[in-house]
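Chemist: Handing over query-v5.txt, compact mmCIF, C-alpha atoms.
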```
# COMPACT_ATOMS: atom_id res chain seq x y z
CA MET I 19 -49.64 -9.73 88.68
CA LYS I 20 -53.11 -8.47 87.89
CA VAL I 21 -54.66 -11.31 89.87
CA SER I 22 -52.54 -10.48 92.90
CA GLN I 23 -53.58 -6.82 92.73
CA LEU I 24 -57.21 -7.82 92.51
CA MET I 25 -56.84 -10.12 95.50
CA LEU I 26 -55.17 -7.38 97.55
CA PHE I 27 -57.90 -4.95 96.60
CA GLY I 28 -60.53 -7.51 97.53
CA ILE I 29 -58.93 -8.19 100.90
CA PHE I 30 -58.64 -4.44 101.55
CA PHE I 31 -62.31 -3.93 100.64
CA ILE I 32 -63.40 -6.78 102.90
CA GLY I 33 -61.37 -5.29 105.74
CA ILE I 34 -62.97 -1.87 105.30
CA SER I 35 -66.45 -3.46 105.19
CA SER I 36 -65.72 -5.45 108.36
CA LEU I 37 -64.51 -2.30 110.12
CA GLU I 38 -67.69 -0.46 109.18
CA ALA I 39 -69.79 -3.38 110.37
CA GLN I 40 -67.96 -3.44 113.69
CA GLU I 41 -68.75 0.23 114.29
CA LYS I 42 -72.50 -0.45 114.31
CA THR I 43 -74.09 -1.26 117.65
CA SER I 44 -77.33 -3.19 117.95
CA LEU I 45 -79.51 -2.34 120.94
CA THR I 46 -82.92 -3.72 121.76
CA LEU I 47 -85.53 -1.19 122.79
CA ASP I 48 -85.48 -2.56 126.34
CA GLU I 49 -81.69 -2.18 126.52
CA ALA I 50 -81.84 1.36 125.15
CA ILE I 51 -84.47 2.45 127.69
CA HIS I 52 -82.64 0.95 130.67
CA LEU I 53 -79.44 2.59 129.46
CA ALA I 54 -81.22 5.95 129.30
CA TRP I 55 -82.59 5.48 132.82
CA THR I 56 -79.09 4.91 134.19
CA LYS I 57 -77.14 7.41 132.07
CA SER I 58 -79.28 10.38 131.03
CA ASN I 59 -78.79 13.77 132.69
CA GLU I 60 -82.52 14.26 133.18
CA VAL I 61 -82.87 11.06 135.22
CA SER I 62 -79.72 11.87 137.18
CA LEU I 63 -81.12 15.30 138.07
CA ALA I 64 -84.47 13.80 139.06
CA ASN I 65 -82.77 11.26 141.35
CA THR I 66 -80.67 14.02 142.92
CA LYS I 67 -83.78 16.06 143.67
CA VAL I 68 -85.33 13.02 145.37
CA ALA I 69 -82.20 12.59 147.49
CA THR I 70 -82.33 16.29 148.43
CA LYS I 71 -85.93 15.99 149.60
CA LYS I 72 -85.00 12.89 151.59
CA TYR I 73 -82.27 14.78 153.46
CA GLU I 74 -84.59 17.72 154.03
CA LEU I 75 -87.11 15.33 155.61
CA ARG I 76 -84.44 13.87 157.89
CA SER I 77 -83.38 17.37 158.90
CA ILE I 78 -86.95 18.33 159.81
CA LYS I 79 -87.44 15.14 161.81
CA ASN I 80 -84.42 16.07 163.93
CA ASN I 81 -86.45 18.99 165.36
CA GLN I 82 -88.44 16.55 167.53
CA TYR I 83 -85.31 15.49 169.41
CA PRO I 84 -83.90 17.37 172.45
CA ASP I 85 -81.47 20.24 172.01
CA LEU I 86 -78.30 19.72 174.04
CA LYS I 87 -75.70 22.48 174.28
CA VAL I 88 -72.37 22.49 176.06
CA SER I 89 -70.42 25.71 176.61
CA GLY I 90 -67.31 26.65 178.53
CA GLN I 91 -65.30 29.80 179.21
CA TYR I 92 -61.89 30.60 180.53
CA GLN I 93 -61.09 34.25 181.15
CA ARG I 94 -58.07 36.09 182.53
CA LEU I 95 -59.06 39.09 184.60
CA ALA I 96 -56.82 42.14 184.77
CA LYS I 97 -56.75 43.66 188.28
CA ALA I 98 -60.35 42.84 189.00
CA SER I 99 -61.88 44.82 191.86
CA VAL I 100 -63.87 42.61 194.22
CA ASN I 101 -66.31 44.08 196.70
CA LEU I 102 -68.13 41.50 198.82
CA LYS I 103 -71.42 42.87 200.19
CA ILE I 104 -71.91 40.09 202.76
CA ASN I 105 -70.08 39.20 205.97
CA LYS I 106 -67.98 42.35 205.74
CA SER I 107 -66.28 43.59 208.98
CA ASN I 108 -63.68 46.21 209.86
CA ASP I 109 -61.03 43.65 210.84
CA SER I 110 -61.49 41.45 207.80
CA GLU I 111 -58.48 40.29 205.87
CA PRO I 112 -57.50 41.96 202.62
CA LEU I 113 -59.49 40.77 199.63
CA PRO I 114 -57.82 38.17 197.44
CA VAL I 115 -56.46 38.88 193.99
CA VAL I 116 -58.95 37.75 191.37
CA ASP I 117 -57.36 37.15 187.96
CA GLN I 118 -59.13 34.06 186.58
CA LEU I 119 -62.67 32.94 185.78
CA MET I 120 -63.76 29.48 184.59
CA LEU I 121 -67.35 28.71 183.66
CA GLY I 122 -68.91 25.55 182.23
CA GLN I 123 -72.54 24.91 181.34
CA VAL I 124 -74.69 22.12 179.94
CA ASN I 125 -78.23 23.05 178.84
CA ALA I 126 -80.96 20.78 177.48
CA SER I 127 -84.36 21.61 176.03
CA VAL I 128 -87.03 19.06 175.11
CA PRO I 129 -89.97 20.37 173.02
CA VAL I 130 -93.29 19.34 174.52
CA PHE I 131 -95.82 21.39 172.56
CA ALA I 132 -95.31 23.85 169.71
CA GLY I 133 -98.82 24.21 168.37
CA PHE I 134 -98.38 21.02 166.31
CA LYS I 135 -95.74 22.86 164.27
CA ILE I 136 -93.19 20.03 164.40
CA GLN I 137 -95.67 17.31 163.41
CA ASN I 138 -97.08 19.39 160.55
CA SER I 139 -93.62 20.33 159.25
CA ILE I 140 -92.74 16.62 159.15
CA THR I 141 -95.98 15.90 157.29
CA ILE I 142 -95.18 18.67 154.79
CA TYR I 143 -91.74 17.31 153.98
CA GLU I 144 -92.92 13.71 153.87
CA ASN I 145 -95.45 14.65 151.20
CA MET I 146 -92.94 16.81 149.34
CA TYR I 147 -90.55 13.86 149.32
CA GLN I 148 -93.29 11.61 147.94
CA ALA I 149 -94.18 14.26 145.34
CA GLU I 150 -90.55 14.51 144.21
CA THR I 151 -90.33 10.72 144.00
CA ALA I 152 -93.42 10.65 141.79
CA THR I 153 -91.98 13.45 139.65
CA ALA I 154 -88.78 11.44 139.20
CA SER I 155 -90.84 8.45 138.03
CA GLN I 156 -92.67 10.70 135.57
CA THR I 157 -89.32 11.98 134.29
CA LYS I 158 -88.17 8.42 133.68
CA GLU I 159 -91.35 7.65 131.75
CA GLU I 160 -90.85 10.77 129.62
CA ILE I 161 -87.25 9.74 128.92
CA ALA I 162 -88.45 6.25 127.99
CA MET I 163 -90.93 7.77 125.54
CA LYS I 164 -88.16 9.89 123.99
CA VAL I 165 -86.08 6.76 123.49
CA ILE I 166 -89.05 4.91 121.96
CA ASN I 167 -89.82 7.71 119.51
CA ASN I 168 -86.22 8.04 118.39
CA TYR I 169 -85.76 4.28 118.29
CA ALA I 170 -88.82 3.94 116.04
CA ASN I 171 -87.70 6.87 113.90
CA LEU I 172 -84.26 5.29 113.57
CA TYR I 173 -85.86 2.06 112.37
CA LYS I 174 -88.07 3.96 109.94
CA ALA I 175 -85.06 5.78 108.49
CA GLN I 176 -83.07 2.55 108.18
CA LYS I 177 -85.96 0.72 106.52
CA THR I 178 -86.65 3.61 104.17
CA ILE I 179 -83.02 3.70 103.02
CA GLU I 180 -83.04 -0.07 102.56
CA LEU I 181 -86.14 0.01 100.33
CA LEU I 182 -84.92 3.05 98.43
CA LYS I 183 -81.62 1.37 97.67
CA GLU I 184 -83.43 -1.73 96.45
CA ASN I 185 -85.54 0.42 94.16
CA GLN I 186 -82.45 2.39 93.12
CA LYS I 187 -80.82 -0.78 91.78
CA SER I 188 -83.80 -1.59 89.59
CA ALA I 189 -84.05 2.07 88.49
CA GLN I 190 -80.35 2.14 87.59
CA GLN I 191 -80.70 -1.10 85.64
CA ARG I 192 -83.71 0.34 83.85
CA ALA I 193 -81.68 3.44 82.95
CA ILE I 194 -78.91 1.22 81.59
CA ASP I 195 -81.41 -0.79 79.54
CA PHE I 196 -83.04 2.39 78.27
CA SER I 197 -79.63 3.74 77.28
CA GLU I 198 -78.99 0.73 75.08
CA MET I 199 -82.51 0.91 73.67
CA GLU I 200 -82.05 4.60 72.92
CA LYS I 201 -78.78 3.89 71.12
CA ASN I 202 -80.56 1.31 68.98
CA GLY I 203 -83.41 3.73 68.24
CA ILE I 204 -86.01 1.62 70.03
CA ILE I 205 -87.09 4.39 72.40
CA PRO I 206 -86.81 8.18 72.17
CA ARG I 207 -84.14 10.02 74.16
CA ASN I 208 -86.87 11.63 76.22
CA ASP I 209 -87.74 8.24 77.78
CA LEU I 210 -84.08 7.70 78.67
CA LEU I 211 -83.93 11.09 80.37
CA LYS I 212 -87.07 10.28 82.35
CA SER I 213 -85.54 7.04 83.64
CA GLN I 214 -82.31 8.84 84.55
CA LEU I 215 -84.30 11.57 86.28
CA GLN I 216 -86.02 8.93 88.40
CA VAL I 217 -82.60 7.58 89.46
CA SER I 218 -81.61 11.10 90.52
CA LYS I 219 -84.83 11.55 92.50
CA ILE I 220 -84.28 8.27 94.30
CA GLN I 221 -80.74 9.34 95.18
CA LEU I 222 -82.08 12.60 96.61
CA SER I 223 -84.56 10.63 98.71
CA ILE I 224 -81.75 8.37 99.95
CA ASP I 225 -79.62 11.38 100.88
CA GLU I 226 -82.54 12.98 102.73
CA ALA I 227 -83.29 9.74 104.60
CA ALA I 228 -79.60 9.32 105.45
CA THR I 229 -79.48 12.84 106.88
CA ASN I 230 -82.56 12.11 108.99
CA LEU I 231 -80.95 8.85 110.10
CA ASN I 232 -77.78 10.64 111.21
CA ILE I 233 -79.75 13.26 113.15
CA VAL I 234 -81.86 10.66 114.98
CA ASN I 235 -78.78 8.51 115.63
CA PHE I 236 -76.89 11.47 117.10
CA TYR I 237 -79.78 12.44 119.35
CA LEU I 238 -80.19 8.87 120.57
CA VAL I 239 -76.50 8.22 121.32
CA THR I 240 -76.35 11.58 123.12
CA LEU I 241 -79.37 10.64 125.21
CA LEU I 242 -77.83 7.25 126.03
CA LYS I 243 -74.39 8.78 126.75
CA LEU I 244 -72.71 6.61 124.14
CA PRO I 245 -69.65 7.73 122.15
CA VAL I 246 -70.62 10.25 119.48
CA GLU I 247 -69.20 8.07 116.71
CA THR I 248 -71.48 5.14 117.67
CA LYS I 249 -73.77 3.99 114.87
CA LEU I 250 -76.89 2.31 116.20
CA GLU I 251 -78.73 -0.36 114.29
CA VAL I 252 -82.28 -1.43 115.05
CA ARG I 253 -83.09 -5.10 114.65
CA GLU I 254 -85.97 -6.09 112.44
CA SER I 255 -87.08 -8.67 115.01
CA ASP I 256 -87.83 -5.95 117.58
CA PHE I 257 -90.77 -4.86 115.43
CA ALA I 258 -91.71 -8.01 113.53
CA ASN I 259 -92.84 -10.13 116.51
CA PHE I 260 -94.00 -7.39 118.87
CA GLN I 261 -97.03 -8.20 121.02
CA MET I 262 -99.38 -5.52 122.36
CA ASP I 263 -101.27 -6.34 125.56
CA ASN I 264 -103.67 -4.56 127.93
CA ILE I 265 -104.52 -1.75 125.53
CA PRO I 266 -106.25 1.10 127.44
CA VAL I 267 -109.69 2.12 126.22
CA ASN I 268 -110.43 5.09 128.54
CA GLU I 269 -108.82 7.56 130.95
CA GLU I 270 -109.35 5.52 134.14
CA PRO I 271 -105.85 3.95 134.15
CA ALA I 272 -104.35 7.41 133.62
CA LEU I 273 -106.16 8.92 136.60
CA GLN I 274 -104.88 6.06 138.75
CA ASN I 275 -101.33 5.70 137.44
CA ARG I 276 -100.08 9.04 136.11
CA LYS I 277 -97.09 10.08 138.21
CA ASP I 278 -97.43 13.79 137.50
CA LEU I 279 -100.99 13.66 138.82
CA GLU I 280 -99.79 11.68 141.83
CA ALA I 281 -97.11 14.32 142.48
CA ILE I 282 -99.62 17.17 142.52
CA ARG I 283 -101.84 15.20 144.91
CA PHE I 284 -98.94 14.90 147.34
CA GLN I 285 -98.30 18.63 146.94
CA GLU I 286 -101.91 19.27 147.94
CA LYS I 287 -101.49 17.11 151.05
CA ALA I 288 -98.32 19.02 151.90
CA ASN I 289 -100.13 22.32 151.52
CA GLN I 290 -102.98 21.19 153.80
CA ALA I 291 -100.35 20.51 156.46
CA ASN I 292 -98.83 23.92 155.68
CA ILE I 293 -102.17 25.57 156.52
CA LYS I 294 -102.20 23.79 159.88
CA MET I 295 -98.62 24.86 160.54
CA ALA I 296 -99.51 28.48 159.77
CA LYS I 297 -102.29 28.26 162.37
CA SER I 298 -99.83 26.84 164.94
CA ALA I 299 -98.55 30.37 165.61
CA TYR I 300 -101.78 30.97 167.58
CA TYR I 301 -100.56 28.53 170.26
CA PRO I 302 -97.78 28.91 172.82
CA ALA I 303 -94.60 26.84 172.72
CA ILE I 304 -93.81 24.70 175.75
CA ALA I 305 -90.55 22.90 176.48
CA LEU I 306 -88.86 21.11 179.36
CA ILE I 307 -85.52 22.70 180.19
CA GLY I 308 -82.67 21.55 182.34
CA GLY I 309 -79.02 22.30 182.88
CA TYR I 310 -75.83 22.00 184.84
CA THR I 311 -73.43 24.82 185.77
CA ALA I 312 -69.90 24.81 187.19
CA LEU I 313 -68.13 28.08 188.11
CA ASP I 314 -64.77 28.96 189.58
CA LEU I 315 -63.80 32.56 190.34
CA LYS I 316 -60.27 32.16 191.59
CA ASN I 317 -59.75 32.86 195.28
CA VAL I 318 -63.39 34.00 195.61
CA ILE I 319 -66.01 31.39 194.86
CA THR I 320 -66.42 27.88 193.47
CA VAL I 321 -69.79 26.50 192.38
CA GLN I 322 -70.22 22.81 191.57
CA ASN I 323 -73.18 20.55 190.76
CA ALA I 324 -75.53 23.48 190.19
CA MET I 325 -78.32 21.63 188.41
CA ASN I 326 -81.64 23.07 187.30
CA ILE I 327 -84.83 21.77 185.72
CA GLY I 328 -88.05 23.49 184.77
CA VAL I 329 -90.57 24.41 182.11
CA GLY I 330 -90.12 27.08 179.45
CA VAL I 331 -93.10 28.82 177.87
CA SER I 332 -93.06 31.30 175.00
CA TYR I 333 -95.99 32.98 173.31
CA ASP I 334 -95.81 35.44 170.44
CA LEU I 335 -98.71 37.75 171.22
CA SER I 336 -98.27 39.71 168.01
CA ALA I 337 -99.05 36.52 166.02
CA ILE I 338 -102.71 36.85 167.07
CA LEU I 339 -102.93 39.95 164.89
CA LYS I 340 -100.34 39.17 162.19
CA ASN I 341 -100.75 35.45 161.53
CA GLY I 342 -104.13 35.69 159.82
CA THR I 343 -102.41 36.83 156.61
CA LEU I 344 -100.06 33.81 156.64
CA VAL I 345 -103.01 31.46 157.07
CA LYS I 346 -104.83 33.07 154.14
CA LEU I 347 -101.65 32.84 152.05
CA ALA I 348 -101.36 29.10 152.74
CA GLU I 349 -105.06 28.62 151.91
CA SER I 350 -104.62 30.54 148.64
CA LYS I 351 -101.67 28.35 147.65
CA SER I 352 -103.78 25.30 148.39
CA LEU I 353 -106.48 26.64 146.07
CA GLU I 354 -103.83 27.17 143.35
CA ILE I 355 -102.76 23.53 143.61
CA GLN I 356 -106.37 22.34 143.49
CA ASN I 357 -106.95 24.34 140.30
CA SER I 358 -103.70 23.01 138.82
CA GLN I 359 -104.83 19.48 139.62
CA ALA I 360 -108.17 20.05 137.88
CA ILE I 361 -106.42 21.48 134.81
CA LEU I 362 -103.97 18.57 134.68
CA THR I 363 -106.82 16.07 135.01
CA ASP I 364 -108.64 17.58 132.03
CA TYR I 365 -105.40 17.68 130.03
CA ILE I 366 -104.73 14.01 130.80
CA LYS I 367 -108.22 13.07 129.58
CA ILE I 368 -107.55 14.92 126.31
CA GLN I 369 -104.14 13.24 125.95
CA VAL I 370 -105.63 9.80 126.49
CA GLN I 371 -108.45 10.33 123.99
CA LYS I 372 -106.01 11.59 121.37
CA ALA I 373 -103.66 8.64 121.98
CA ILE I 374 -106.56 6.19 121.62
CA GLU I 375 -107.61 7.81 118.34
CA ASP I 376 -104.01 7.86 117.05
CA TYR I 377 -103.58 4.17 117.87
CA ASP I 378 -106.83 3.24 116.13
CA LEU I 379 -105.79 5.32 113.12
CA ALA I 380 -102.44 3.52 112.96
CA LEU I 381 -104.24 0.17 112.89
CA LYS I 382 -106.55 1.34 110.11
CA GLN I 383 -103.63 2.76 108.14
CA ASN I 384 -101.79 -0.55 108.42
CA ALA I 385 -104.75 -2.39 106.91
CA VAL I 386 -105.09 0.13 104.09
CA TYR I 387 -101.34 0.10 103.41
CA GLY I 388 -101.52 -3.69 103.09
CA GLN I 389 -104.24 -3.40 100.46
CA ALA I 390 -102.41 -0.56 98.74
CA LEU I 391 -99.24 -2.65 98.50
CA GLU I 392 -101.13 -5.50 96.86
CA GLN I 393 -102.85 -3.10 94.49
CA SER I 394 -99.71 -1.18 93.56
CA THR I 395 -97.74 -4.41 93.02
CA GLU I 396 -100.42 -5.79 90.72
CA ASN I 397 -100.75 -2.44 88.99
CA TYR I 398 -97.01 -2.33 88.29
CA ARG I 399 -97.08 -5.87 86.95
CA ILE I 400 -99.91 -4.99 84.57
CA ILE I 401 -98.31 -1.71 83.44
CA LYS I 402 -94.94 -3.44 82.97
CA ASP I 403 -96.58 -6.12 80.86
CA LYS I 404 -98.35 -3.49 78.78
CA TYR I 405 -95.12 -1.51 78.41
CA ASP I 406 -93.24 -4.58 77.22
CA ASN I 407 -95.98 -5.10 74.62
CA GLY I 408 -96.01 -1.48 73.54
CA LEU I 409 -99.42 -0.74 75.06
CA SER I 410 -98.21 1.69 77.73
CA ASP I 411 -95.68 4.52 77.73
CA THR I 412 -92.69 5.30 79.97
CA ASN I 413 -94.65 7.79 82.11
CA ASP I 414 -97.11 5.08 83.12
CA LEU I 415 -94.29 2.66 83.92
CA LEU I 416 -92.31 5.11 86.06
CA GLU I 417 -95.45 6.33 87.84
CA ALA I 418 -96.47 2.76 88.66
CA ASP I 419 -92.95 2.10 89.97
CA VAL I 420 -93.08 5.15 92.24
CA GLU I 421 -96.50 4.15 93.57
CA GLN I 422 -95.25 0.65 94.29
CA LEU I 423 -92.19 2.03 96.11
CA GLY I 424 -94.34 4.35 98.20
CA SER I 425 -96.67 1.49 99.12
CA ARG I 426 -93.75 -0.72 100.12
CA ILE I 427 -92.31 2.01 102.35
CA ASN I 428 -95.69 2.79 103.94
CA LYS I 429 -96.37 -0.88 104.66
CA ALA I 430 -92.88 -1.47 106.06
CA LEU I 431 -93.17 1.49 108.43
CA ALA I 432 -96.78 0.87 109.45
CA LYS I 433 -95.85 -1.76 112.05
CA ALA I 434 -93.31 0.55 113.67
CA ASN I 435 -95.89 3.32 113.71
CA ILE I 436 -98.43 1.07 115.45
CA ILE I 437 -95.87 0.15 118.12
CA GLN I 438 -94.95 3.80 118.56
CA LYS I 439 -98.60 4.81 119.03
CA TYR I 440 -99.13 1.86 121.38
CA TYR I 441 -96.33 3.04 123.64
CA GLU I 442 -97.65 6.60 123.49
CA LEU I 443 -100.99 5.27 124.70
CA LEU I 444 -99.27 3.45 127.56
CA SER I 445 -97.30 6.59 128.38
CA VAL I 446 -100.30 8.93 128.65
CA THR I 447 -102.13 6.38 130.81
CA GLY I 448 -99.15 5.99 133.16
CA GLN I 449 -98.52 2.34 132.31
CA LEU I 450 -95.28 2.61 130.36
CA SER I 451 -93.12 1.79 133.38
CA GLN I 452 -94.87 -1.56 133.76
CA SER I 453 -93.62 -2.58 130.31
CA PHE I 454 -89.97 -1.99 131.14
CA ASN I 455 -89.76 -2.73 134.91
CA LEU I 456 -89.20 0.89 135.89
CA SER I 457 -89.41 -0.03 139.58
CA LYS I 458 -86.08 -1.87 139.28
CA ILE I 459 -84.24 1.28 138.21
```
I need this file expressed as structure tokens, please.

Modeler:
Amino acid sequence: MKVSQLMLFGIFFIGISSLEAQEKTSLTLDEAIHLAWTKSNEVSLANTKVATKKYELRSIKNNQYPDLKVSGQYQRLAKASVNLKINKSNDSEPLPVVDQLMLGQVNASVPVFAGFKIQNSITIYENMYQAETATASQTKEEIAMKVINNYANLYKAQKTIELLKENQKSAQQRAIDFSEMEKNGIIPRNDLLKSQLQVSKIQLSIDEAATNLNIVNFYLVTLLKLPVETKLEVRESDFANFQMDNIPVNEEPALQNRKDLEAIRFQEKANQANIKMAKSAYYPAIALIGGYTALDLKNVITVQNAMNIGVGVSYDLSAILKNGTLVKLAESKSLEIQNSQAILTDYIKIQVQKAIEDYDLALKQNAVYGQALEQSTENYRIIKDKYDNGLSDTNDLLEADVEQLGSRINKALAKANIIQKYYELLSVTGQLSQSFNLSKI
């Protein structure tokens, strides 16, 4: 009976463990980034803005095509009084009753010259469309960097918990051993309390790391539009065999590839065209006009095939005095954009230099952490040997254990930190999209 109960409990436990394992979802970094590019609200908004600019450009281009208007009227006239001024004689017949009017017109206007306003407006919206497209690409790179940071932080939290739990097992076993030794009078109770205190501290660290893991996991699944209950798991292989190529060493790639800088350059081109369009008010507008009219005033007159063609000219004379302010306004906006471009260029240079330094620091830290791990491992072995031979006390043993744990965690996370800094360097130099085929999204 007891065996059967144990078997049932075992089967139940295995089932619960399997269920928990099924809830975890493994995503590669590449998969996570492409999922963010297709699902995130920020990317969706950026794509919508691009589509809006595209339709605005099409609308502006329609201004170069002829305007064609058709109109018609039908009116009932109540006791209209008709007085013909021509061919009127004393013996003329009574005037007819006029109670109906029908009028139809077709008018066409083809713009010939508008002071280059149409061409410049098209140029403005073409550059604004290109600027919005570049901004959308920059948004996707920023989203990719968010995913990378959270993905790396998720891995760091997972790895930290894993190492802490490994250390917790040895700490718990040490506390158990110390408890027996304290019962037998081999060690003082104070040493037992110290070992138990270390177990408690490790548990606090695990709880803190687990909280951080849950926060990062929630942020990432929200960004990827996955179900809230999804538990993501980062694969060790994504970091273990990672290769870093084409590492930037200066700001030149950034000045060539940064999409936010490209966007502001297109804005400047658009504003140059805006200056020209403001000056177009100094010129007259010329258009070819033509039309067709049909009229029927019942019992009086019928007009058919009344066609006309000619040239229409309009000139706003007041613009000669008023338009100077609009030109200066456009020139001032152009100067604002030029200053913004200069500020952004300097900021990009600072970002690149910082990213280069951070990447170099991560490499140096990795080398030092490797040495520290070797040193702390050997130090713990020596202290443990001394402790077993009564040449070292509990404080030394526990301190050596903590140092070894810290070194193991630092070394385990160093690789992820290098990869994170590498991607940050690619991001600030505008080359992140090349690593994940952004053009295909």

Chemist: I'd like to know which of I:Lys57, I:Lys135, I:Lys404, I:Arg253 is closest to Tyr301 in chain I, using all atoms listed in the file.

Modeler: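 Closest to Tyr301 in chain I, using all atoms listed in the file: I:Lys135.
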
Chemist: If we count all atoms listed in the file, what is near range 332-334 of chain I at a cut-off of 9 Å, once residues fewer than 5 positions away on the same chain are taken out, given as a PyMOL selection string?

Modeler: chain I and resi 299-305

Chemist: Rounded to one decimal place, report the CA of Pro266 in chain I-CA of Ile51 in chain I distance in Å.

Modeler: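 Taking CA of Pro266 in chain I and CA of Ile51 in chain I, their separation equals 21.8 Å.
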
Chemist: Rounded to one decimal, what separation in Å do you get between CA of Leu273 in chain I and CA of Ser155 in chain I?

Modeler: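 For CA of Leu273 in chain I relative to CA of Ser155 in chain I, the distance reads 15.4 Å.
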
Chemist: CA of Ile355 in chain I to CA of Met163 in chain I: how many Å, to one decimal?

Modeler: 26.7 Å

Chemist: Which is closest to Leu242 in chain I among I:Val165, I:Val115, I:Ile136, I:Leu75, if we use only C-alpha atoms?

Modeler: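 Checking each candidate against Leu242 in chain I, we get I:Val165 as the closest.
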
Chemist: Which one is closest to Tyr143 in chain I: I:Asn292, I:Gln438, I:Gln449, I:Ser410? Count only C-alpha atoms.

Modeler: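 For Tyr143 in chain I, the nearest of the candidates is I:Asn292.
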
Chemist: Which residue gives the smallest distance to Lys67 in chain I among I:Leu335, I:Ala291, I:Ala154, I:Leu45, with all atoms listed in the file counted?

Modeler: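 Nearest to Lys67 in chain I: I:Ala154.
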
Chemist: Quick one: everything within 9 Å of Gln290 in chain I, counting only C-alpha atoms, minus sequence neighbours fewer than 4 positions away in the same chain. Send it as a list of chain:residue names.

Modeler: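 The neighbour list is I:Ile142, I:Gln285, I:Glu286, I:Lys294, I:Met295, I:Ala348, I:Glu349, I:Ser352.
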
Chemist: Since we have the selection now, will you write its residues out, keeping C-alpha atoms, as an mmCIF file, in the frame of the given file?

Modeler:
```cif
data_model
loop_
_atom_site.group_PDB
_atom_site.id
_atom_site.type_symbol
_atom_site.label_atom_id
_atom_site.label_comp_id
_atom_site.auth_asym_id
_atom_site.auth_seq_id
_atom_site.Cartn_x
_atom_site.Cartn_y
_atom_site.Cartn_z
ATOM 1 C CA ILE I 142 -95.180 18.670 154.790
ATOM 2 C CA GLN I 285 -98.300 18.630 146.940
ATOM 3 C CA GLU I 286 -101.910 19.270 147.940
ATOM 4 C CA LYS I 294 -102.200 23.790 159.880
ATOM 5 C CA MET I 295 -98.620 24.860 160.540
ATOM 6 C CA ALA I 348 -101.360 29.100 152.740
ATOM 7 C CA GLU I 349 -105.060 28.620 151.910
ATOM 8 C CA SER I 352 -103.780 25.300 148.390
#
```

Chemist: Which residue, I:Leu182, I:Val420, I:Leu244, I:Phe236, has the smallest gap to Asn168 in chain I when you use all atoms listed in the file?

Modeler: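 Going through I:Leu182, I:Val420, I:Leu244, I:Phe236 one by one, the smallest distance to Asn168 in chain I is for I:Phe236.
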
Chemist: Using only C-alpha atoms, which residue out of I:Ser213, I:Thr70, I:Gln186, I:Ser425 lies closest to Glu150 in chain I?

Modeler: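 For Glu150 in chain I, the nearest of the candidates is I:Thr70.
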
Chemist: With all atoms listed in the file counted, which protein, DNA or RNA residues have an atom no more than 6 Å from (-73.4, 1.1, 113.8) in the file frame? Please answer as a PyMOL selection string.

Modeler: chain I and resi 41-43+248-251

Chemist: Just the selected residues (C-alpha atoms), exported as a PDB file, in the coordinates of the input, please.

Modeler:
```
ATOM      1  CA  GLU I  41     -68.750   0.230 114.290  1.00  0.00           C
ATOM      2  CA  LYS I  42     -72.500  -0.450 114.310  1.00  0.00           C
ATOM      3  CA  THR I  43     -74.090  -1.260 117.650  1.00  0.00           C
ATOM      4  CA  THR I 248     -71.480   5.140 117.670  1.00  0.00           C
ATOM      5  CA  LYS I 249     -73.770   3.990 114.870  1.00  0.00           C
ATOM      6  CA  LEU I 250     -76.890   2.310 116.200  1.00  0.00           C
ATOM      7  CA  GLU I 251     -78.730  -0.360 114.290  1.00  0.00           C
TER       8      GLU I 251
END
```
